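final05.pdb follows; it contains PDB, C-alpha atoms, pLDDT in the B column.
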ATOM      1  CA  MET V   1     -61.752  87.930  48.770  1.00 53.00           C
ATOM      2  CA  ILE V   2     -61.025  85.964  51.960  1.00 53.00           C
ATOM      3  CA  ALA V   3     -64.379  84.223  51.643  1.00 49.00           C
ATOM      4  CA  GLN V   4     -63.483  83.125  48.086  1.00 50.00           C
ATOM      5  CA  ILE V   5     -60.103  81.766  49.252  1.00 47.00           C
ATOM      6  CA  LEU V   6     -61.792  79.822  52.062  1.00 43.00           C
ATOM      7  CA  LEU V   7     -64.379  78.495  49.635  1.00 47.00           C
ATOM      8  CA  ASN V   8     -61.647  77.306  47.252  1.00 52.00           C
ATOM      9  CA  MET V   9     -59.772  75.652  50.114  1.00 48.00           C
ATOM     10  CA  THR V  10     -62.791  73.617  51.232  1.00 46.00           C
ATOM     11  CA  ALA V  11     -64.081  72.633  47.787  1.00 45.00           C
ATOM     12  CA  PRO V  12     -61.550  69.848  47.126  1.00 44.00           C
ATOM     13  CA  LYS V  13     -62.199  68.308  50.558  1.00 41.00           C
ATOM     14  CA  GLU V  14     -65.942  68.379  49.987  1.00 42.00           C
ATOM     15  CA  GLU V  15     -65.436  66.746  46.582  1.00 41.00           C
ATOM     16  CA  ALA V  16     -63.220  64.079  48.152  1.00 41.00           C
ATOM     17  CA  ASP V  17     -65.838  63.444  50.836  1.00 39.00           C
ATOM     18  CA  LYS V  18     -68.462  62.901  48.146  1.00 42.00           C
ATOM     19  CA  LYS V  19     -66.375  60.183  46.472  1.00 52.00           C
ATOM     20  CA  GLU V  20     -67.477  56.752  47.515  1.00 62.00           C
ATOM     21  CA  LYS V  21     -65.100  54.922  49.815  1.00 78.00           C
ATOM     22  CA  PHE V  22     -64.979  51.140  49.637  1.00 79.00           C
ATOM     23  CA  LYS V  23     -62.653  48.280  50.461  1.00 90.00           C
ATOM     24  CA  GLU V  24     -62.306  45.676  47.763  1.00 92.00           C
ATOM     25  CA  ALA V  25     -61.337  42.156  48.830  1.00 91.00           C
ATOM     26  CA  GLU V  26     -57.807  41.013  48.087  1.00 95.00           C
ATOM     27  CA  LYS V  27     -59.078  37.639  46.907  1.00 96.00           C
ATOM     28  CA  ILE V  28     -62.382  36.064  45.893  1.00 97.00           C
ATOM     29  CA  GLU V  29     -63.135  32.608  47.287  1.00 96.00           C
ATOM     30  CA  LEU V  30     -65.549  30.675  45.068  1.00 97.00           C
ATOM     31  CA  ASN V  31     -67.375  27.455  45.857  1.00 97.00           C
ATOM     32  CA  ALA V  32     -66.001  24.236  44.371  1.00 97.00           C
ATOM     33  CA  TRP V  33     -66.732  23.577  40.705  1.00 96.00           C
ATOM     34  CA  PRO V  34     -70.252  22.097  40.515  1.00 96.00           C
ATOM     35  CA  GLU V  35     -71.812  19.144  38.801  1.00 94.00           C
ATOM     36  CA  PRO V  36     -73.589  20.270  35.600  1.00 93.00           C
ATOM     37  CA  LYS V  37     -77.038  20.144  37.237  1.00 96.00           C
ATOM     38  CA  ASP V  38     -75.846  22.518  39.969  1.00 97.00           C
ATOM     39  CA  TYR V  39     -74.216  25.060  37.643  1.00 96.00           C
ATOM     40  CA  PRO V  40     -77.073  27.632  37.710  1.00 96.00           C
ATOM     41  CA  LYS V  41     -76.934  27.732  41.503  1.00 97.00           C
ATOM     42  CA  TRP V  42     -73.115  27.977  41.443  1.00 97.00           C
ATOM     43  CA  SER V  43     -73.262  30.780  38.871  1.00 96.00           C
ATOM     44  CA  HIS V  44     -75.720  32.798  40.945  1.00 96.00           C
ATOM     45  CA  ARG V  45     -73.723  32.283  44.130  1.00 97.00           C
ATOM     46  CA  THR V  46     -70.536  33.267  42.285  1.00 97.00           C
ATOM     47  CA  ARG V  47     -72.069  36.558  41.141  1.00 97.00           C
ATOM     48  CA  MET V  48     -73.169  37.273  44.712  1.00 97.00           C
ATOM     49  CA  LYS V  49     -69.667  36.567  46.058  1.00 97.00           C
ATOM     50  CA  ILE V  50     -68.104  38.818  43.416  1.00 97.00           C
ATOM     51  CA  ALA V  51     -70.481  41.657  44.274  1.00 97.00           C
ATOM     52  CA  ALA V  52     -69.689  41.279  47.973  1.00 96.00           C
ATOM     53  CA  ALA V  53     -65.937  41.194  47.293  1.00 97.00           C
ATOM     54  CA  SER V  54     -66.193  44.451  45.356  1.00 96.00           C
ATOM     55  CA  GLY V  55     -66.868  46.431  48.512  1.00 95.00           C
ATOM     56  CA  ARG V  56     -69.753  48.097  46.675  1.00 96.00           C
ATOM     57  CA  PRO V  57     -72.230  45.300  45.974  1.00 96.00           C
ATOM     58  CA  VAL V  58     -75.152  47.434  44.807  1.00 96.00           C
ATOM     59  CA  GLN V  59     -73.034  48.953  42.039  1.00 95.00           C
ATOM     60  CA  ALA V  60     -71.269  45.677  41.252  1.00 97.00           C
ATOM     61  CA  MET V  61     -74.347  43.537  40.585  1.00 97.00           C
ATOM     62  CA  PRO V  62     -75.325  45.253  37.328  1.00 97.00           C
ATOM     63  CA  TRP V  63     -71.672  45.166  36.229  1.00 97.00           C
ATOM     64  CA  ILE V  64     -71.252  41.450  36.933  1.00 97.00           C
ATOM     65  CA  ASN V  65     -74.661  40.628  35.455  1.00 97.00           C
ATOM     66  CA  GLU V  66     -73.444  42.058  32.137  1.00 97.00           C
ATOM     67  CA  VAL V  67     -71.984  38.561  31.679  1.00 97.00           C
ATOM     68  CA  LYS V  68     -75.550  37.537  30.784  1.00 95.00           C
ATOM     69  CA  THR V  69     -76.269  40.407  28.384  1.00 97.00           C
ATOM     70  CA  LYS V  70     -73.013  41.534  26.752  1.00 97.00           C
ATOM     71  CA  SER V  71     -70.973  39.761  24.120  1.00 97.00           C
ATOM     72  CA  PHE V  72     -67.633  38.140  24.891  1.00 97.00           C
ATOM     73  CA  GLU V  73     -65.879  40.981  23.053  1.00 96.00           C
ATOM     74  CA  GLU V  74     -67.757  43.689  24.970  1.00 97.00           C
ATOM     75  CA  LEU V  75     -66.661  42.114  28.257  1.00 98.00           C
ATOM     76  CA  ALA V  76     -63.017  42.804  27.326  1.00 96.00           C
ATOM     77  CA  ASP V  77     -63.623  46.321  28.673  1.00 96.00           C
ATOM     78  CA  SER V  78     -63.705  46.024  32.458  1.00 96.00           C
ATOM     79  CA  GLY V  79     -64.745  49.624  32.906  1.00 92.00           C
ATOM     80  CA  GLU V  80     -62.867  52.422  34.590  1.00 85.00           C
ATOM     81  CA  SER V  81     -63.157  51.299  38.201  1.00 92.00           C
ATOM     82  CA  TRP V  82     -63.569  47.535  37.821  1.00 96.00           C
ATOM     83  CA  GLU V  83     -60.251  46.384  36.331  1.00 95.00           C
ATOM     84  CA  ASN V  84     -58.819  44.938  39.555  1.00 95.00           C
ATOM     85  CA  LEU V  85     -62.054  43.121  40.382  1.00 97.00           C
ATOM     86  CA  ASP V  86     -62.045  41.602  36.893  1.00 97.00           C
ATOM     87  CA  TRP V  87     -58.520  40.253  37.579  1.00 95.00           C
ATOM     88  CA  LEU V  88     -59.652  38.837  40.921  1.00 97.00           C
ATOM     89  CA  ILE V  89     -62.548  37.092  39.189  1.00 98.00           C
ATOM     90  CA  GLY V  90     -60.205  35.502  36.658  1.00 97.00           C
ATOM     91  CA  ASN V  91     -57.884  34.227  39.371  1.00 96.00           C
ATOM     92  CA  ALA V  92     -60.778  32.843  41.413  1.00 98.00           C
ATOM     93  CA  VAL V  93     -62.335  31.099  38.414  1.00 98.00           C
ATOM     94  CA  MET V  94     -59.060  29.450  37.405  1.00 96.00           C
ATOM     95  CA  GLU V  95     -58.641  28.121  40.938  1.00 96.00           C
ATOM     96  CA  VAL V  96     -61.929  26.183  40.898  1.00 97.00           C
ATOM     97  CA  VAL V  97     -62.787  25.262  37.289  1.00 97.00           C
ATOM     98  CA  LYS V  98     -62.002  21.675  36.345  1.00 95.00           C
ATOM     99  CA  GLY V  99     -62.127  19.398  33.349  1.00 94.00           C
ATOM    100  CA  PRO V 100     -62.795  20.461  29.767  1.00 95.00           C
ATOM    101  CA  GLN V 101     -63.987  23.914  30.849  1.00 95.00           C
ATOM    102  CA  ARG V 102     -60.614  24.590  32.463  1.00 96.00           C
ATOM    103  CA  THR V 103     -58.805  23.456  29.324  1.00 97.00           C
ATOM    104  CA  LYS V 104     -60.958  25.788  27.228  1.00 97.00           C
ATOM    105  CA  LEU V 105     -60.143  28.728  29.537  1.00 97.00           C
ATOM    106  CA  GLU V 106     -56.414  27.929  29.547  1.00 97.00           C
ATOM    107  CA  ILE V 107     -56.286  27.799  25.742  1.00 97.00           C
ATOM    108  CA  LYS V 108     -58.114  31.109  25.392  1.00 97.00           C
ATOM    109  CA  SER V 109     -55.974  32.702  28.110  1.00 96.00           C
ATOM    110  CA  ARG V 110     -52.789  31.662  26.282  1.00 97.00           C
ATOM    111  CA  GLU V 111     -54.154  33.052  23.001  1.00 97.00           C
ATOM    112  CA  TYR V 112     -54.699  36.411  24.674  1.00 96.00           C
ATOM    113  CA  ALA V 113     -51.286  36.342  26.383  1.00 96.00           C
ATOM    114  CA  ASP V 114     -49.577  35.587  23.066  1.00 97.00           C
ATOM    115  CA  LYS V 115     -51.120  38.808  21.725  1.00 96.00           C
ATOM    116  CA  GLY V 116     -49.991  40.775  24.784  1.00 96.00           C
ATOM    117  CA  ASP V 117     -53.473  40.923  26.255  1.00 95.00           C
ATOM    118  CA  VAL V 118     -55.264  39.243  29.125  1.00 94.00           C
ATOM    119  CA  LEU V 119     -58.481  37.257  29.282  1.00 97.00           C
ATOM    120  CA  ARG V 120     -60.752  39.092  31.729  1.00 97.00           C
ATOM    121  CA  GLY V 121     -62.615  37.386  34.552  1.00 98.00           C
ATOM    122  CA  ARG V 122     -66.032  38.296  33.196  1.00 98.00           C
ATOM    123  CA  GLN V 123     -65.022  36.865  29.832  1.00 98.00           C
ATOM    124  CA  MET V 124     -64.161  33.615  31.587  1.00 98.00           C
ATOM    125  CA  LEU V 125     -67.582  33.546  33.232  1.00 98.00           C
ATOM    126  CA  LYS V 126     -69.180  34.157  29.815  1.00 98.00           C
ATOM    127  CA  MET V 127     -67.264  31.177  28.398  1.00 97.00           C
ATOM    128  CA  LEU V 128     -68.608  28.975  31.199  1.00 96.00           C
ATOM    129  CA  ASP V 129     -72.275  29.868  30.610  1.00 88.00           C
TER     130      ASP V 129
END
Write-out of the structure in structure tokens:
Amino acid sequence: MIAQILLNMTAPKEEADKKEKFKEAEKIELNAWPEPKDYPKWSHRTRMKIAAASGRPVQAMPWINEVKTKSFEELADSGESWENLDWLIGNAVMEVVKGPQRTKLEIKSREYADKGDVLRGRQMLKMLD
């Protein structure tokens, strides 16, 4: 009986220890908006910076690379543990994007806001590709 009580007392701690601990950045700093010829390099570097900012880059790379494989609509679901990072991406993108691409993002963002929703960061990256 005592052994069972001790086992039950340690189980939650062991479970908590198994959970991955990470520190996500408070802000993502992206490189300046590139010339069209430099966009592929900028895009790659952006994905690397996002993964690093996540605090768990190995897990983040497949998630951020879904921008290349998922539809715009599918990217509306950030996933259970990625919502904050998706917001950080959106803020970072809006800080650097210029010209007609920025206008396109602003229009789409307002459309979402008018419906009580928010345009996700990965959706913004999809719109830029």
- [ ] List the residues matched by the PyMOL selection byres ((chain V and resi 61) around 12) in the displayed structure as a ChimeraX atom specification, ordered by chain and then by residue number.
- [x] /V:44-60,62-68,82
Around region 118-123 of chain V, with edges along x, y and z and 6 Å added on all six sides, what centre and edge lengths do you get, in Å to one decimal, as JSON?
{"center_x": -60.6, "center_y": 38.1, "center_z": 31.8, "size_x": 22.8, "size_y": 14.4, "size_z": 17.4}
Task: Contact residues around Gly90 (chain V) with only C-alpha atoms at 10 Å, ignoring same-chain residues under 5 positions, as a list in words - done: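 Returned residues: Ile28, Asn84, Leu85, Glu95, Leu105, Ser109, Val118, Leu119, Arg120, Gly121, Arg122, Gln123, Met124 and Leu125 of chain V.
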- [ ] Specify as a VMD selection string each residue included when the PyMOL selection byres ((chain V and resi 101) around 12) is applied to this file.
- [x] chain V and resid 33 to 34 36 93 to 94 96 to 100 102 to 108 124 to 129
Open item on the list: One number please: CA of Arg110 (chain V) to CA of Glu24 (chain V), in Å, one decimal.
Closed with: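 Answer for the CA of Arg110 (chain V) to CA of Glu24 (chain V) separation: 27.4 Å.
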TODO: Write out as a ChimeraX atom specification the residues lying within 8 Å of Ala92 (chain V), counting only C-alpha atoms and excluding same-chain residues fewer than 5 positions away.
DONE: /V:27-30
Next, the residues of the selection above should be written as a compact mmCIF listing (two decimals), keeping the file's coordinate frame with C-alpha atoms.
# COMPACT_ATOMS: atom_id res chain seq x y z
CA LYS V 27 -59.08 37.64 46.91
CA ILE V 28 -62.38 36.06 45.89
CA GLU V 29 -63.14 32.61 47.29
CA LEU V 30 -65.55 30.68 45.07
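The two atoms in question, CA of Ser81 (chain V) and CA of Ala25 (chain V), are spaced 14.1 Å apart.
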Task: Between CA of Asn31 (chain V) and CA of Glu83 (chain V), distance in Å (one decimal) - done: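 Here the two named atoms are 22.4 Å from each other.
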Would you mind completing region 31-45 of chain V to N, CA, C and O atoms and writing the output as a PDB file, in the frame of the given file?
ATOM      1  N   ASN V  31     -67.035  28.834  45.503  1.00 97.00           N
ATOM      2  CA  ASN V  31     -67.375  27.455  45.857  1.00 97.00           C
ATOM      3  C   ASN V  31     -66.724  26.509  44.856  1.00 97.00           C
ATOM      4  O   ASN V  31     -66.393  26.899  43.733  1.00 97.00           O
ATOM      5  N   ALA V  32     -66.582  25.256  45.240  1.00 97.00           N
ATOM      6  CA  ALA V  32     -66.001  24.236  44.371  1.00 97.00           C
ATOM      7  C   ALA V  32     -66.792  24.142  43.073  1.00 97.00           C
ATOM      8  O   ALA V  32     -67.993  24.433  43.027  1.00 97.00           O
ATOM      9  N   TRP V  33     -66.100  23.728  42.010  1.00 96.00           N
ATOM     10  CA  TRP V  33     -66.732  23.577  40.705  1.00 96.00           C
ATOM     11  C   TRP V  33     -67.885  22.574  40.813  1.00 96.00           C
ATOM     12  O   TRP V  33     -67.714  21.471  41.339  1.00 96.00           O
ATOM     13  N   PRO V  34     -69.070  22.938  40.309  1.00 96.00           N
ATOM     14  CA  PRO V  34     -70.252  22.097  40.515  1.00 96.00           C
ATOM     15  C   PRO V  34     -70.425  21.001  39.467  1.00 96.00           C
ATOM     16  O   PRO V  34     -69.815  21.023  38.404  1.00 96.00           O
ATOM     17  N   GLU V  35     -71.310  20.091  39.792  1.00 94.00           N
ATOM     18  CA  GLU V  35     -71.812  19.144  38.801  1.00 94.00           C
ATOM     19  C   GLU V  35     -72.670  19.949  37.825  1.00 94.00           C
ATOM     20  O   GLU V  35     -73.223  20.989  38.191  1.00 94.00           O
ATOM     21  N   PRO V  36     -72.819  19.493  36.580  1.00 93.00           N
ATOM     22  CA  PRO V  36     -73.589  20.270  35.600  1.00 93.00           C
ATOM     23  C   PRO V  36     -74.987  20.691  36.074  1.00 93.00           C
ATOM     24  O   PRO V  36     -75.405  21.829  35.845  1.00 93.00           O
ATOM     25  N   LYS V  37     -75.679  19.813  36.787  1.00 96.00           N
ATOM     26  CA  LYS V  37     -77.038  20.144  37.237  1.00 96.00           C
ATOM     27  C   LYS V  37     -77.044  21.286  38.256  1.00 96.00           C
ATOM     28  O   LYS V  37     -78.043  21.980  38.416  1.00 96.00           O
ATOM     29  N   ASP V  38     -75.935  21.478  38.943  1.00 97.00           N
ATOM     30  CA  ASP V  38     -75.846  22.518  39.969  1.00 97.00           C
ATOM     31  C   ASP V  38     -75.226  23.820  39.462  1.00 97.00           C
ATOM     32  O   ASP V  38     -75.040  24.762  40.233  1.00 97.00           O
ATOM     33  N   TYR V  39     -74.889  23.874  38.162  1.00 96.00           N
ATOM     34  CA  TYR V  39     -74.216  25.060  37.643  1.00 96.00           C
ATOM     35  C   TYR V  39     -75.034  26.351  37.815  1.00 96.00           C
ATOM     36  O   TYR V  39     -74.462  27.365  38.219  1.00 96.00           O
ATOM     37  N   PRO V  40     -76.337  26.369  37.525  1.00 96.00           N
ATOM     38  CA  PRO V  40     -77.073  27.632  37.710  1.00 96.00           C
ATOM     39  C   PRO V  40     -76.972  28.185  39.136  1.00 96.00           C
ATOM     40  O   PRO V  40     -76.798  29.387  39.336  1.00 96.00           O
ATOM     41  N   LYS V  41     -77.054  27.309  40.108  1.00 97.00           N
ATOM     42  CA  LYS V  41     -76.934  27.732  41.503  1.00 97.00           C
ATOM     43  C   LYS V  41     -75.523  28.258  41.779  1.00 97.00           C
ATOM     44  O   LYS V  41     -75.342  29.291  42.424  1.00 97.00           O
ATOM     45  N   TRP V  42     -74.507  27.554  41.273  1.00 97.00           N
ATOM     46  CA  TRP V  42     -73.115  27.977  41.443  1.00 97.00           C
ATOM     47  C   TRP V  42     -72.894  29.347  40.803  1.00 97.00           C
ATOM     48  O   TRP V  42     -72.260  30.221  41.384  1.00 97.00           O
ATOM     49  N   SER V  43     -73.423  29.521  39.603  1.00 96.00           N
ATOM     50  CA  SER V  43     -73.262  30.780  38.871  1.00 96.00           C
ATOM     51  C   SER V  43     -73.871  31.943  39.645  1.00 96.00           C
ATOM     52  O   SER V  43     -73.261  33.013  39.772  1.00 96.00           O
ATOM     53  N   HIS V  44     -75.057  31.742  40.160  1.00 96.00           N
ATOM     54  CA  HIS V  44     -75.720  32.798  40.945  1.00 96.00           C
ATOM     55  C   HIS V  44     -74.906  33.122  42.198  1.00 96.00           C
ATOM     56  O   HIS V  44     -74.654  34.287  42.514  1.00 96.00           O
ATOM     57  N   ARG V  45     -74.499  32.086  42.898  1.00 97.00           N
ATOM     58  CA  ARG V  45     -73.723  32.283  44.130  1.00 97.00           C
ATOM     59  C   ARG V  45     -72.387  32.968  43.828  1.00 97.00           C
ATOM     60  O   ARG V  45     -71.923  33.814  44.596  1.00 97.00           O
TER      61      ARG V  45
END
